[in-house]
>>> print(open('input-v1.txt').read())   # compact mmCIF, C-alpha atoms and all ligand atoms
# COMPACT_ATOMS: atom_id res chain seq x y z
CA MET A 44 0.00 0.00 0.00
CA ASP A 45 1.20 3.52 -0.77
CA ARG A 46 2.40 5.56 2.18
CA LEU A 47 4.29 8.68 3.07
CA ILE A 48 6.61 9.19 6.02
CA ARG A 49 7.91 12.39 7.58
CA THR A 50 11.30 12.29 9.24
CA ILE A 51 13.64 14.73 10.97
CA THR A 52 17.23 14.64 12.18
CA LYS A 53 17.58 14.63 15.98
CA ASP A 54 19.38 18.00 15.92
CA GLY A 55 16.41 19.52 14.05
CA SER A 56 18.47 20.71 11.10
CA LEU A 57 17.04 18.59 8.29
CA MET A 58 13.68 17.10 7.45
CA ALA A 59 12.74 14.61 4.79
CA ILE A 60 9.42 13.36 3.48
CA ALA A 61 9.45 10.15 1.47
CA ALA A 62 6.55 8.63 -0.43
CA GLU A 63 5.90 5.32 -2.06
CA SER A 64 3.30 6.00 -4.75
CA SER A 65 3.23 2.91 -6.99
CA ASP A 66 -0.51 2.22 -6.58
CA MET A 67 -1.36 5.88 -7.12
CA ALA A 68 0.63 5.96 -10.36
CA LEU A 69 -1.05 2.73 -11.52
CA ILE A 70 -4.55 4.07 -10.80
CA SER A 71 -3.83 7.32 -12.63
CA TYR A 72 -2.72 5.23 -15.63
CA GLN A 73 -5.94 3.20 -15.47
CA VAL A 74 -8.07 6.36 -15.22
CA HIS A 75 -6.32 8.37 -17.92
CA HIS A 76 -4.96 5.65 -20.27
CA THR A 77 -1.62 7.44 -20.38
CA SER A 78 1.20 6.74 -22.82
CA PRO A 79 4.56 5.69 -21.30
CA VAL A 80 5.95 9.24 -21.16
CA ALA A 81 2.64 10.66 -19.89
CA SER A 82 2.51 7.96 -17.15
CA ALA A 83 5.98 9.00 -16.03
CA ALA A 84 5.24 12.75 -16.06
CA LEU A 85 1.91 12.43 -14.25
CA GLY A 86 3.22 9.84 -11.78
CA ARG A 87 6.08 12.15 -10.86
CA LEU A 88 3.86 15.21 -10.44
CA LEU A 89 1.30 13.25 -8.36
CA THR A 90 4.11 12.10 -6.06
CA GLY A 91 5.43 15.67 -5.87
CA ALA A 92 1.97 16.93 -4.88
CA ALA A 93 1.69 14.29 -2.14
CA LEU A 94 5.11 15.31 -0.76
CA MET A 95 4.41 19.04 -0.89
CA ALA A 96 0.97 18.65 0.71
CA ALA A 97 2.62 16.78 3.60
CA LEU A 98 4.74 19.88 4.34
CA ILE A 99 1.61 21.73 5.44
CA LYS A 100 0.62 20.34 8.78
CA SER A 101 -3.11 20.75 8.39
CA PRO A 102 -5.70 18.10 7.47
CA GLY A 103 -7.76 20.67 5.50
CA ALA A 104 -4.78 21.74 3.39
CA SER A 105 -4.21 21.11 -0.29
CA VAL A 106 -1.46 21.77 -2.80
CA THR A 107 -2.11 22.13 -6.52
CA LEU A 108 0.81 21.81 -8.92
CA LYS A 109 0.34 22.89 -12.51
CA MET A 110 3.05 22.53 -15.12
CA ASN A 111 2.87 23.87 -18.61
CA GLY A 112 6.22 23.80 -20.31
CA GLY A 113 5.04 24.26 -23.88
CA GLY A 114 5.65 20.58 -24.69
CA PRO A 115 3.19 18.20 -26.39
CA LEU A 116 1.67 16.94 -23.10
CA GLY A 117 0.09 20.36 -22.49
CA ASN A 118 -0.95 21.02 -18.90
CA VAL A 119 0.02 18.47 -16.29
CA VAL A 120 -1.88 19.01 -13.04
CA ALA A 121 -1.77 17.28 -9.66
CA ILE A 122 -3.50 18.05 -6.38
CA GLY A 123 -2.51 16.57 -3.03
CA ASP A 124 -4.17 17.13 0.32
CA GLY A 125 -3.35 16.79 4.01
CA LYS A 126 -5.14 13.43 4.23
CA GLY A 127 -2.90 11.74 1.66
CA HIS A 128 -5.43 11.99 -1.18
CA VAL A 129 -3.98 12.80 -4.58
CA ARG A 130 -5.51 13.29 -8.01
CA GLY A 131 -4.38 14.73 -11.32
CA TYR A 132 -4.57 14.74 -15.08
CA VAL A 133 -2.54 15.40 -18.17
CA GLN A 134 -4.07 17.38 -21.02
CA ASN A 135 -2.81 15.14 -23.85
CA PRO A 136 -2.37 11.70 -22.28
CA SER A 137 -1.66 9.78 -25.51
CA VAL A 138 1.48 11.73 -26.53
CA THR A 139 4.45 9.52 -27.35
CA LEU A 140 8.03 10.60 -27.97
CA PRO A 141 11.12 8.62 -28.99
CA LEU A 142 13.26 7.47 -26.05
CA ARG A 143 16.26 9.64 -25.16
CA SER A 144 19.69 8.54 -26.29
CA ASP A 145 20.28 7.03 -22.82
CA GLY A 146 17.19 4.81 -23.27
CA LYS A 147 15.05 6.77 -20.79
CA LEU A 148 11.60 8.26 -21.34
CA ASP A 149 11.85 11.88 -22.47
CA VAL A 150 9.71 13.45 -19.73
CA GLY A 151 11.45 16.83 -20.08
CA GLY A 152 10.78 16.85 -23.83
CA ALA A 153 7.13 15.89 -23.36
CA VAL A 154 6.46 18.47 -20.63
CA GLY A 155 8.71 21.10 -22.21
CA HIS A 156 10.72 23.64 -20.25
CA THR A 157 9.72 27.04 -21.51
CA GLY A 158 6.84 27.70 -19.13
CA LEU A 159 6.01 27.75 -15.45
CA LEU A 160 5.38 25.55 -12.48
CA ALA A 161 2.49 27.10 -10.59
CA VAL A 162 1.95 26.12 -6.96
CA ILE A 163 -1.30 26.86 -5.15
CA ARG A 164 -1.16 26.16 -1.43
CA ASP A 165 -4.44 26.24 0.41
CA ARG A 166 -4.40 25.77 4.17
CA GLY A 167 -8.14 25.20 4.16
CA GLU A 168 -8.71 28.66 5.65
CA GLY A 169 -8.05 32.17 4.37
CA GLU A 170 -6.68 33.06 0.96
CA PRO A 171 -4.64 30.41 -0.83
CA TYR A 172 -0.97 31.19 -1.48
CA ILE A 173 -0.01 31.19 -5.15
CA GLY A 174 3.62 30.94 -6.20
CA GLN A 175 5.34 30.15 -9.43
CA ALA A 176 8.74 29.50 -10.90
CA ARG A 177 10.19 29.05 -14.37
CA LEU A 178 10.64 25.43 -15.34
CA VAL A 179 14.26 24.37 -15.58
CA SER A 180 13.99 21.02 -17.36
CA GLY A 181 10.39 19.77 -17.35
CA GLU A 182 11.68 16.65 -15.56
CA VAL A 183 9.47 17.61 -12.56
CA ALA A 184 11.79 16.91 -9.58
CA GLU A 185 14.35 19.51 -10.74
CA ASP A 186 11.53 21.96 -11.31
CA ILE A 187 10.19 21.47 -7.78
CA THR A 188 13.71 21.89 -6.33
CA SER A 189 14.14 25.08 -8.32
CA TYR A 190 10.71 26.34 -7.23
CA TYR A 191 11.70 26.12 -3.55
CA ALA A 192 15.08 27.75 -4.21
CA THR A 193 13.81 30.68 -6.26
CA SER A 194 10.29 31.25 -5.01
CA GLU A 195 10.61 30.35 -1.32
CA GLN A 196 14.39 30.52 -0.68
CA ILE A 197 14.35 27.13 1.05
CA PRO A 198 17.29 24.83 0.24
CA THR A 199 15.53 21.69 -0.98
CA ALA A 200 16.40 18.47 -2.73
CA CYS A 201 13.67 16.56 -4.53
CA ALA A 202 13.84 13.21 -6.30
CA LEU A 203 10.94 11.56 -8.08
CA GLY A 204 10.88 8.34 -10.02
CA VAL A 205 8.32 6.28 -11.91
CA LEU A 206 9.30 2.97 -13.46
CA VAL A 207 7.13 2.49 -16.54
CA ASP A 208 6.61 -0.43 -18.91
CA LYS A 209 7.86 1.25 -22.10
CA GLU A 210 5.49 -0.80 -24.28
CA THR A 211 2.17 -0.48 -22.43
CA GLY A 212 2.78 2.69 -20.40
CA GLU A 213 1.83 0.89 -17.17
CA PRO A 214 3.74 2.19 -14.13
CA THR A 215 5.18 -0.59 -11.98
CA LEU A 216 6.95 1.39 -9.24
CA ALA A 217 6.82 5.01 -8.15
CA GLY A 218 8.13 7.10 -5.32
CA GLY A 219 10.03 10.18 -4.28
CA PHE A 220 11.43 12.29 -1.50
CA LEU A 221 11.65 15.92 -0.55
CA LEU A 222 14.44 17.03 1.74
CA GLN A 223 14.69 20.47 3.29
CA VAL A 224 17.33 22.26 5.31
CA LEU A 225 15.51 23.82 8.27
CA PRO A 226 16.12 27.36 9.53
CA GLY A 227 19.09 27.55 11.88
CA ALA A 228 20.79 24.45 10.51
CA GLY A 229 24.58 24.46 10.66
CA ASP A 230 26.82 24.17 7.60
CA GLU A 231 27.94 20.75 8.77
CA ALA A 232 24.51 19.09 8.41
CA ALA A 233 23.96 20.66 4.99
CA ALA A 234 27.40 19.51 3.79
CA LYS A 235 26.85 15.99 5.13
CA VAL A 236 23.47 15.58 3.44
CA GLU A 237 24.88 16.95 0.19
CA GLU A 238 27.56 14.29 0.34
CA ASN A 239 24.89 11.61 0.99
CA LEU A 240 22.75 12.85 -1.92
CA LYS A 241 25.68 12.52 -4.31
CA LYS A 242 26.10 8.87 -3.32
CA MET A 243 22.43 7.96 -3.80
CA PRO A 244 21.33 6.09 -6.92
CA PRO A 245 18.27 7.30 -8.89
CA MET A 246 14.86 6.86 -7.19
CA THR A 247 13.72 4.13 -9.59
CA THR A 248 16.91 2.13 -8.89
CA MET A 249 16.31 2.31 -5.13
CA LEU A 250 12.66 1.26 -5.56
CA ALA A 251 13.63 -1.59 -7.89
CA LYS A 252 16.10 -2.80 -5.25
CA GLY A 253 13.16 -3.10 -2.85
CA MET A 254 14.25 -0.22 -0.60
CA ASN A 255 11.37 1.14 1.48
CA MET A 256 10.87 4.75 2.56
CA GLU A 257 12.72 4.21 5.86
CA ASP A 258 15.71 2.79 3.95
CA ILE A 259 15.74 5.82 1.66
CA CYS A 260 15.59 8.30 4.57
CA GLY A 261 18.35 6.24 6.22
CA GLN A 262 20.55 6.85 3.17
CA LEU A 263 19.71 10.57 3.11
CA PHE A 264 20.60 10.89 6.80
CA ASP A 265 23.52 8.45 6.73
CA GLY A 266 25.87 9.30 9.59
CA MET A 267 23.21 11.35 11.41
CA GLU A 268 20.67 10.50 14.07
CA TRP A 269 17.09 10.80 12.88
CA GLU A 270 13.56 9.77 13.71
CA LYS A 271 10.27 9.14 11.98
CA LEU A 272 7.61 11.68 12.94
CA ASP A 273 4.56 10.08 11.36
CA GLU A 274 3.18 8.05 8.51
CA THR A 275 0.17 8.67 6.22
CA PRO A 276 -1.43 6.26 3.75
CA LEU A 277 -1.62 7.67 0.22
CA THR A 278 -4.52 7.10 -2.18
CA TYR A 279 -5.61 8.29 -5.57
CA ALA A 280 -8.94 9.84 -4.67
CA CYS A 281 -11.23 12.43 -6.21
CA ASN A 282 -13.68 14.66 -4.40
CA CYS A 283 -16.02 15.28 -7.31
CA SER A 284 -19.77 14.95 -6.79
CA ARG A 285 -23.10 15.68 -8.47
CA GLU A 286 -23.44 18.73 -6.18
CA ARG A 287 -20.12 20.12 -7.42
CA VAL A 288 -21.20 19.68 -11.03
CA LEU A 289 -24.44 21.56 -10.31
CA ARG A 290 -22.50 24.28 -8.51
CA ALA A 291 -20.24 24.66 -11.56
CA PHE A 292 -23.27 24.83 -13.88
CA SER A 293 -24.89 27.45 -11.66
CA THR A 294 -22.06 29.89 -12.40
CA LEU A 295 -23.30 30.10 -16.01
CA HIS A 296 -25.96 32.38 -17.46
CA PRO A 297 -29.49 30.85 -17.03
CA ASP A 298 -29.94 30.45 -20.83
CA GLU A 299 -26.58 28.72 -21.05
CA ILE A 300 -27.52 26.32 -18.24
CA VAL A 301 -30.62 25.15 -20.13
CA SER A 302 -28.69 24.85 -23.41
CA LEU A 303 -26.30 22.34 -21.81
CA ALA A 304 -28.84 19.54 -22.35
CA GLY A 305 -28.14 17.43 -25.40
CA GLU A 306 -30.65 15.81 -27.77
CA ASP A 307 -31.20 12.99 -25.29
CA GLY A 308 -32.36 15.53 -22.71
CA PHE A 309 -29.30 15.27 -20.46
CA ALA A 310 -26.27 17.43 -19.82
CA GLU A 311 -23.20 15.30 -19.41
CA ALA A 312 -20.11 16.33 -17.48
CA ALA A 313 -17.01 14.18 -17.08
CA CYS A 314 -14.60 14.77 -14.21
CA GLN A 315 -11.14 15.39 -15.64
CA TYR A 316 -9.46 13.94 -12.55
CA CYS A 317 -11.23 10.58 -12.20
CA GLY A 318 -13.21 10.15 -15.42
CA ARG A 319 -16.54 9.77 -13.59
CA THR A 320 -19.45 11.11 -15.68
CA TYR A 321 -22.49 12.92 -14.35
CA ARG A 322 -25.77 13.12 -16.29
CA ILE A 323 -28.11 15.92 -15.32
CA PRO A 324 -31.67 15.83 -16.78
CA LYS A 325 -33.04 18.89 -18.55
CA GLU A 326 -35.79 19.40 -15.93
CA GLU A 327 -33.11 19.86 -13.27
CA LEU A 328 -31.22 22.31 -15.49
CA GLU A 329 -34.40 24.32 -15.98
CA LYS A 330 -34.95 24.39 -12.22
CA LEU A 331 -31.37 25.59 -11.70
CA ALA A 332 -31.78 28.29 -14.37
CA GLU A 333 -35.07 29.39 -12.77
CA GLU A 334 -33.44 29.69 -9.33
CA LYS A 335 -30.65 31.75 -10.85
CA ARG A 336 -33.12 34.08 -12.61
CA LYS A 337 -35.01 34.60 -9.34
CA LYS A 338 -31.80 35.49 -7.46
CA LYS A 339 -30.98 38.14 -10.08
CA ILE A 340 -34.29 39.98 -9.53
ZN ZN A 401 -13.64 13.12 -10.06
>>> encode(input="input-v1.txt", output="structure tokens")
Amino acid sequence: MDRLIRTITKDGSLMAIAAESSDMALISYQVHHTSPVASAALGRLLTGAALMAALIKSPGASVTLKMNGGGPLGNVVAIGDGKGHVRGYVQNPSVTLPLRSDGKLDVGGAVGHTGLLAVIRDRGEGEPYIGQARLVSGEVAEDITSYYATSEQIPTACALGVLVDKETGEPTLAGGFLLQVLPGAGDEAAAKVEENLKKMPPMTTMLAKGMNMEDICGQLFDGMEWEKLDETPLTYACNCSRERVLRAFSTLHPDEIVSLAGEDGFAEAACQYCGRTYRIPKEELEKLAEEKRKKKI
């Protein structure tokens, strides 16, 4: 089962969050029928959203990550919340690109790197915080690292990996970590962790070796004392509902609401995150339009 752990060094200078997200990546593939490169890009961003949401210590919090690098995948979006629920989509899920010369999927080429990573952090109360940073490679983890460095001035290291069947596009393993240097940390801790990071193999290699999240944090904090703060199960979950669809419809002009019904007498709306479809009968649309007209008077 997918899970996320939060860890900290005993001297309070470094914290790391590590997530195993293989099931989440698999479900997103089943929902969106993603190509190999789209599975990798979306799996990475979903894992990134889970990690970044875990940084906000509030159950009502959510983090939305939106990448548009000008590449053929279009927008790649992922939302994670404080309860370990993650969902996302990619605008053009069937895009395929030739493998890179090193035999790897060309995630950076598919996402592109000429646009922005937008980050919307909502604590569940008050105005959400919106930040953004230029993409550096479109490879996702590097872009998240760069976002923290440029937009929030927090020294961060992020690694994300999704192992994908290059024929079918099915993800078999996924995971990642986010490491941050905490305020007041000495140079020694930062230098030590930098040394450890250099020695670490890529995320997919560690997952393929069967390393769990505790093993990975152990490598990050090699030579330091550390402890696990807590653990959260992760799931691909959507919060869409019929009520939300009706609420979205009610933002339209009354005439537009009625015109949503097709020839069969139903308006159909598909959730872009989970693929669920909602069919609203014309009578209900007329009622909604009528309520809206009344409110205007
Ligand atoms: Zn949904």
>>> residues_around(input="input-v1.txt", residues="A:Leu303", least_positions_apart="5", cutoff="9 Å", atoms="all atoms listed in the file", output="ChimeraX atom specification")
/A:292,298,309-311,325,328
>>> residues_near_ligand(input="input-v1.txt", ligand="ligand ZN 401 (chain A)", cutoff="7 Å", atoms="all atoms listed in the file", output="list of chain:residue names")
A:Cys281, A:Asn282, A:Cys283, A:Cys314, A:Gln315, A:Tyr316, A:Cys317, A:Gly318, A:Arg319
>>> atom_distance(input="input-v1.txt", atom1="atom CA of A:Glu268", atom2="atom CA of A:Ser56")
10.9 Å
>>> closest_residue(input="input-v1.txt", among="A:Thr211, A:Ser293, A:Ser82, A:Thr199", to="A:Ile60", atoms="all atoms listed in the file")
A:Thr199
>>> residues_near_point(input="input-v1.txt", point="(14.3, -2.8, -8.6)", cutoff="12 Å", atoms="all atoms listed in the file", output="list in words")
Gly204, Val205, Leu206, Val207, Thr215, Leu216, Ala217, Pro244, Pro245, Met246, Thr247, Thr248, Met249, Leu250, Ala251, Lys252, Gly253, Met254 and Asn255 of chain A
>>> decode(input="input-v1.txt", residues="stretch 156-281 of chain A", atoms="C-alpha atoms", output="PDB file, in the first residue's frame")
ATOM      1  CA  HIS A 156      10.715  23.641 -20.253  1.00  0.00           C
ATOM      2  CA  THR A 157       9.725  27.042 -21.510  1.00  0.00           C
ATOM      3  CA  GLY A 158       6.841  27.704 -19.134  1.00  0.00           C
ATOM      4  CA  LEU A 159       6.011  27.745 -15.454  1.00  0.00           C
ATOM      5  CA  LEU A 160       5.385  25.549 -12.476  1.00  0.00           C
ATOM      6  CA  ALA A 161       2.490  27.098 -10.589  1.00  0.00           C
ATOM      7  CA  VAL A 162       1.954  26.125  -6.964  1.00  0.00           C
ATOM      8  CA  ILE A 163      -1.297  26.864  -5.153  1.00  0.00           C
ATOM      9  CA  ARG A 164      -1.156  26.165  -1.433  1.00  0.00           C
ATOM     10  CA  ASP A 165      -4.440  26.238   0.412  1.00  0.00           C
ATOM     11  CA  ARG A 166      -4.396  25.773   4.175  1.00  0.00           C
ATOM     12  CA  GLY A 167      -8.141  25.202   4.161  1.00  0.00           C
ATOM     13  CA  GLU A 168      -8.708  28.659   5.651  1.00  0.00           C
ATOM     14  CA  GLY A 169      -8.051  32.170   4.367  1.00  0.00           C
ATOM     15  CA  GLU A 170      -6.682  33.062   0.959  1.00  0.00           C
ATOM     16  CA  PRO A 171      -4.636  30.406  -0.833  1.00  0.00           C
ATOM     17  CA  TYR A 172      -0.973  31.194  -1.475  1.00  0.00           C
ATOM     18  CA  ILE A 173      -0.009  31.194  -5.148  1.00  0.00           C
ATOM     19  CA  GLY A 174       3.620  30.938  -6.198  1.00  0.00           C
ATOM     20  CA  GLN A 175       5.339  30.152  -9.431  1.00  0.00           C
ATOM     21  CA  ALA A 176       8.741  29.504 -10.901  1.00  0.00           C
ATOM     22  CA  ARG A 177      10.190  29.047 -14.372  1.00  0.00           C
ATOM     23  CA  LEU A 178      10.635  25.426 -15.343  1.00  0.00           C
ATOM     24  CA  VAL A 179      14.259  24.370 -15.576  1.00  0.00           C
ATOM     25  CA  SER A 180      13.985  21.021 -17.359  1.00  0.00           C
ATOM     26  CA  GLY A 181      10.391  19.770 -17.346  1.00  0.00           C
ATOM     27  CA  GLU A 182      11.676  16.651 -15.560  1.00  0.00           C
ATOM     28  CA  VAL A 183       9.474  17.607 -12.557  1.00  0.00           C
ATOM     29  CA  ALA A 184      11.792  16.912  -9.581  1.00  0.00           C
ATOM     30  CA  GLU A 185      14.350  19.506 -10.738  1.00  0.00           C
ATOM     31  CA  ASP A 186      11.534  21.963 -11.313  1.00  0.00           C
ATOM     32  CA  ILE A 187      10.190  21.468  -7.776  1.00  0.00           C
ATOM     33  CA  THR A 188      13.709  21.891  -6.330  1.00  0.00           C
ATOM     34  CA  SER A 189      14.139  25.079  -8.321  1.00  0.00           C
ATOM     35  CA  TYR A 190      10.709  26.338  -7.231  1.00  0.00           C
ATOM     36  CA  TYR A 191      11.702  26.116  -3.547  1.00  0.00           C
ATOM     37  CA  ALA A 192      15.084  27.748  -4.208  1.00  0.00           C
ATOM     38  CA  THR A 193      13.812  30.679  -6.262  1.00  0.00           C
ATOM     39  CA  SER A 194      10.287  31.247  -5.009  1.00  0.00           C
ATOM     40  CA  GLU A 195      10.612  30.353  -1.318  1.00  0.00           C
ATOM     41  CA  GLN A 196      14.390  30.523  -0.676  1.00  0.00           C
ATOM     42  CA  ILE A 197      14.353  27.132   1.051  1.00  0.00           C
ATOM     43  CA  PRO A 198      17.286  24.835   0.243  1.00  0.00           C
ATOM     44  CA  THR A 199      15.526  21.687  -0.983  1.00  0.00           C
ATOM     45  CA  ALA A 200      16.397  18.469  -2.731  1.00  0.00           C
ATOM     46  CA  CYS A 201      13.670  16.558  -4.531  1.00  0.00           C
ATOM     47  CA  ALA A 202      13.837  13.208  -6.299  1.00  0.00           C
ATOM     48  CA  LEU A 203      10.935  11.556  -8.077  1.00  0.00           C
ATOM     49  CA  GLY A 204      10.882   8.337 -10.021  1.00  0.00           C
ATOM     50  CA  VAL A 205       8.323   6.276 -11.910  1.00  0.00           C
ATOM     51  CA  LEU A 206       9.304   2.972 -13.462  1.00  0.00           C
ATOM     52  CA  VAL A 207       7.127   2.486 -16.538  1.00  0.00           C
ATOM     53  CA  ASP A 208       6.610  -0.429 -18.913  1.00  0.00           C
ATOM     54  CA  LYS A 209       7.856   1.252 -22.102  1.00  0.00           C
ATOM     55  CA  GLU A 210       5.485  -0.802 -24.281  1.00  0.00           C
ATOM     56  CA  THR A 211       2.170  -0.476 -22.432  1.00  0.00           C
ATOM     57  CA  GLY A 212       2.780   2.685 -20.396  1.00  0.00           C
ATOM     58  CA  GLU A 213       1.826   0.891 -17.168  1.00  0.00           C
ATOM     59  CA  PRO A 214       3.744   2.193 -14.135  1.00  0.00           C
ATOM     60  CA  THR A 215       5.180  -0.593 -11.977  1.00  0.00           C
ATOM     61  CA  LEU A 216       6.954   1.390  -9.244  1.00  0.00           C
ATOM     62  CA  ALA A 217       6.825   5.010  -8.154  1.00  0.00           C
ATOM     63  CA  GLY A 218       8.130   7.103  -5.317  1.00  0.00           C
ATOM     64  CA  GLY A 219      10.034  10.176  -4.279  1.00  0.00           C
ATOM     65  CA  PHE A 220      11.435  12.286  -1.503  1.00  0.00           C
ATOM     66  CA  LEU A 221      11.648  15.920  -0.553  1.00  0.00           C
ATOM     67  CA  LEU A 222      14.443  17.028   1.743  1.00  0.00           C
ATOM     68  CA  GLN A 223      14.692  20.474   3.295  1.00  0.00           C
ATOM     69  CA  VAL A 224      17.331  22.264   5.307  1.00  0.00           C
ATOM     70  CA  LEU A 225      15.507  23.817   8.268  1.00  0.00           C
ATOM     71  CA  PRO A 226      16.123  27.364   9.531  1.00  0.00           C
ATOM     72  CA  GLY A 227      19.087  27.555  11.879  1.00  0.00           C
ATOM     73  CA  ALA A 228      20.788  24.452  10.514  1.00  0.00           C
ATOM     74  CA  GLY A 229      24.582  24.464  10.663  1.00  0.00           C
ATOM     75  CA  ASP A 230      26.819  24.167   7.599  1.00  0.00           C
ATOM     76  CA  GLU A 231      27.944  20.752   8.769  1.00  0.00           C
ATOM     77  CA  ALA A 232      24.512  19.092   8.410  1.00  0.00           C
ATOM     78  CA  ALA A 233      23.961  20.655   4.991  1.00  0.00           C
ATOM     79  CA  ALA A 234      27.402  19.510   3.794  1.00  0.00           C
ATOM     80  CA  LYS A 235      26.848  15.989   5.131  1.00  0.00           C
ATOM     81  CA  VAL A 236      23.470  15.582   3.438  1.00  0.00           C
ATOM     82  CA  GLU A 237      24.876  16.953   0.187  1.00  0.00           C
ATOM     83  CA  GLU A 238      27.562  14.289   0.336  1.00  0.00           C
ATOM     84  CA  ASN A 239      24.894  11.612   0.990  1.00  0.00           C
ATOM     85  CA  LEU A 240      22.753  12.851  -1.916  1.00  0.00           C
ATOM     86  CA  LYS A 241      25.682  12.515  -4.305  1.00  0.00           C
ATOM     87  CA  LYS A 242      26.097   8.871  -3.322  1.00  0.00           C
ATOM     88  CA  MET A 243      22.434   7.964  -3.802  1.00  0.00           C
ATOM     89  CA  PRO A 244      21.325   6.091  -6.924  1.00  0.00           C
ATOM     90  CA  PRO A 245      18.265   7.301  -8.889  1.00  0.00           C
ATOM     91  CA  MET A 246      14.861   6.862  -7.186  1.00  0.00           C
ATOM     92  CA  THR A 247      13.724   4.126  -9.592  1.00  0.00           C
ATOM     93  CA  THR A 248      16.910   2.130  -8.890  1.00  0.00           C
ATOM     94  CA  MET A 249      16.307   2.314  -5.129  1.00  0.00           C
ATOM     95  CA  LEU A 250      12.661   1.261  -5.557  1.00  0.00           C
ATOM     96  CA  ALA A 251      13.632  -1.590  -7.891  1.00  0.00           C
ATOM     97  CA  LYS A 252      16.102  -2.795  -5.246  1.00  0.00           C
ATOM     98  CA  GLY A 253      13.161  -3.098  -2.854  1.00  0.00           C
ATOM     99  CA  MET A 254      14.248  -0.223  -0.604  1.00  0.00           C
ATOM    100  CA  ASN A 255      11.372   1.136   1.478  1.00  0.00           C
ATOM    101  CA  MET A 256      10.866   4.748   2.559  1.00  0.00           C
ATOM    102  CA  GLU A 257      12.720   4.215   5.857  1.00  0.00           C
ATOM    103  CA  ASP A 258      15.714   2.786   3.950  1.00  0.00           C
ATOM    104  CA  ILE A 259      15.738   5.821   1.663  1.00  0.00           C
ATOM    105  CA  CYS A 260      15.594   8.301   4.568  1.00  0.00           C
ATOM    106  CA  GLY A 261      18.352   6.245   6.221  1.00  0.00           C
ATOM    107  CA  GLN A 262      20.550   6.851   3.167  1.00  0.00           C
ATOM    108  CA  LEU A 263      19.712  10.567   3.115  1.00  0.00           C
ATOM    109  CA  PHE A 264      20.599  10.888   6.803  1.00  0.00           C
ATOM    110  CA  ASP A 265      23.524   8.449   6.731  1.00  0.00           C
ATOM    111  CA  GLY A 266      25.869   9.297   9.595  1.00  0.00           C
ATOM    112  CA  MET A 267      23.214  11.345  11.413  1.00  0.00           C
ATOM    113  CA  GLU A 268      20.665  10.496  14.072  1.00  0.00           C
ATOM    114  CA  TRP A 269      17.094  10.797  12.877  1.00  0.00           C
ATOM    115  CA  GLU A 270      13.555   9.767  13.715  1.00  0.00           C
ATOM    116  CA  LYS A 271      10.271   9.143  11.976  1.00  0.00           C
ATOM    117  CA  LEU A 272       7.612  11.680  12.937  1.00  0.00           C
ATOM    118  CA  ASP A 273       4.564  10.080  11.357  1.00  0.00           C
ATOM    119  CA  GLU A 274       3.177   8.053   8.509  1.00  0.00           C
ATOM    120  CA  THR A 275       0.173   8.673   6.216  1.00  0.00           C
ATOM    121  CA  PRO A 276      -1.431   6.256   3.754  1.00  0.00           C
ATOM    122  CA  LEU A 277      -1.617   7.668   0.216  1.00  0.00           C
ATOM    123  CA  THR A 278      -4.516   7.101  -2.176  1.00  0.00           C
ATOM    124  CA  TYR A 279      -5.609   8.293  -5.571  1.00  0.00           C
ATOM    125  CA  ALA A 280      -8.939   9.835  -4.673  1.00  0.00           C
ATOM    126  CA  CYS A 281     -11.232  12.428  -6.211  1.00  0.00           C
TER     127      CYS A 281
END
